[in-house]
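The block underneath contains the structure these notes are about, expressed in structure tokens.
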Amino acid sequence: MAIVPVTVRSVPLTNAYFEMYLDQALVAAITSIGAIKSTVAANPSKSGTQLHSVFSPGAVTYEACEIKQAQILDVALINWFGFVHDPISAGKVSIDEMKKNIIIYVNDSQMRRRIKHELFYCLPTSIAWDALDSNAEANTFLSFTIQHEYAITTYLEPK
């Protein structure tokens, strides 16, 4: 998958009730997420899965969270995707060094943080651009899956 530059908007979507943080930086506004503790099977030998150099050969099962329609707010997210799935960098760096911790905040209708999902030792998989239309918004939304080793969910009091 070719990584192409994107224009980053400074204001996230108004209907994005999820905020994604990577290394303490807000990197995406998300309109939908799947279950945090879903089990996903991937077969890296299958053509087009882009899972080379990240997983061992054969089918693997892991805990994952599916992210749908993520509006990219910081190129750090795209850079991480490119780094993890680049066969050259993957050969130079251990998988443990590629893993990052992610925080996803769930906001209520008044945009107050209500739930905090912390995902530890994450790797991105199944990355796809969502071209919503042919205007300037094309190629600015992503859908992807985040593999994680464990997660902690905290329910927050509204402030």
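Each chain in the structure tokens gets a letter, A, B, ..., in the order shown, and its residues are numbered from 1; ligands are numbered from 1 in order too.
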
- Neighbour list for Ile115 of chain A as a ChimeraX atom specification, cut-off 12 Å, only C-alpha atoms, skip fewer than 4 positions in-chain: /A:17-19,103-108,111,152-158

For the residues in that selection, give me C-alpha atoms as a short mmCIF file (atom, residue, chain, number, x, y, z; two decimals), in the first residue's frame.
data_model
loop_
_atom_site.label_atom_id
_atom_site.label_comp_id
_atom_site.auth_asym_id
_atom_site.auth_seq_id
_atom_site.Cartn_x
_atom_site.Cartn_y
_atom_site.Cartn_z
CA TYR A 17 -17.44 11.06 19.35
CA PHE A 18 -14.10 9.25 19.51
CA GLU A 19 -10.64 10.82 19.81
CA ILE A 103 -5.75 6.05 24.05
CA ILE A 104 -9.27 6.35 22.64
CA TYR A 105 -11.63 8.73 24.41
CA VAL A 106 -15.38 8.27 23.95
CA ASN A 107 -17.27 11.56 24.16
CA ASP A 108 -20.94 12.10 24.91
CA MET A 111 -18.35 16.30 23.66
CA ILE A 152 -7.95 -1.06 30.16
CA THR A 153 -11.30 0.73 30.08
CA THR A 154 -12.04 3.54 32.55
CA TYR A 155 -15.44 5.20 32.94
CA LEU A 156 -15.10 8.93 33.56
CA GLU A 157 -17.37 11.34 35.42
CA PRO A 158 -18.59 14.25 33.26
#

- Counting only C-alpha atoms, which of A:Ile88, A:Ile146, A:Val93, A:Ile102 gets nearest to Leu123 of chain A?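 Under the stated criterion, the closest residue is A:Ile146.
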
- Task: Tell me, as a PyMOL selection string, which residues lie within 6 Å of Phe141 of chain A, counting only C-alpha atoms; anything in the same chain fewer than 5 positions away does not count.
- Result: chain A and resi 69-71+129-130

Now that the selection is made, can you save its residues with C-alpha atoms as a PDB file, in the first residue's frame?
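Everything below was put into part.pdb:
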ATOM      1  CA  GLN A  69     -13.771   6.538   9.219  1.00  0.00           C
ATOM      2  CA  ALA A  70     -10.882   8.074  11.083  1.00  0.00           C
ATOM      3  CA  GLN A  71     -10.221  11.668  10.134  1.00  0.00           C
ATOM      4  CA  TRP A 129      -8.411   4.699   2.606  1.00  0.00           C
ATOM      5  CA  ASP A 130     -12.068   5.784   2.547  1.00  0.00           C
TER       6      ASP A 130
END

- Item | Contacts of Ile127 of chain A within 8 Å, only C-alpha atoms, excl. fewer than 5 positions in-chain, as a ChimeraX atom specification | /A:142-145

- Between atom CA of Lys99 of chain A and atom CA of Val75 of chain A, what is the spacing in Å? 16.9 Å

- Between atom CA of Val27 of chain A and atom CA of His85 of chain A - distance in Å to one decimal: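 Computing the Euclidean distance for atom CA of His85 of chain A and atom CA of Val27 of chain A yields 18.4 Å.
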
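If you measure from each of A:Lys100, A:Ile78, A:Ser126, A:Gly34 to Glu66 of chain A using only C-alpha atoms, the closest one turns out to be A:Gly34.
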
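Note that atom CA of Asp23 of chain A and atom CA of Asn79 of chain A are 12.8 Å apart.
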
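Proximity ranking of A:Arg113, A:Ile67, A:Lys159, A:Gln147 relative to Thr125 of chain A places A:Gln147 first, based on only C-alpha atoms.
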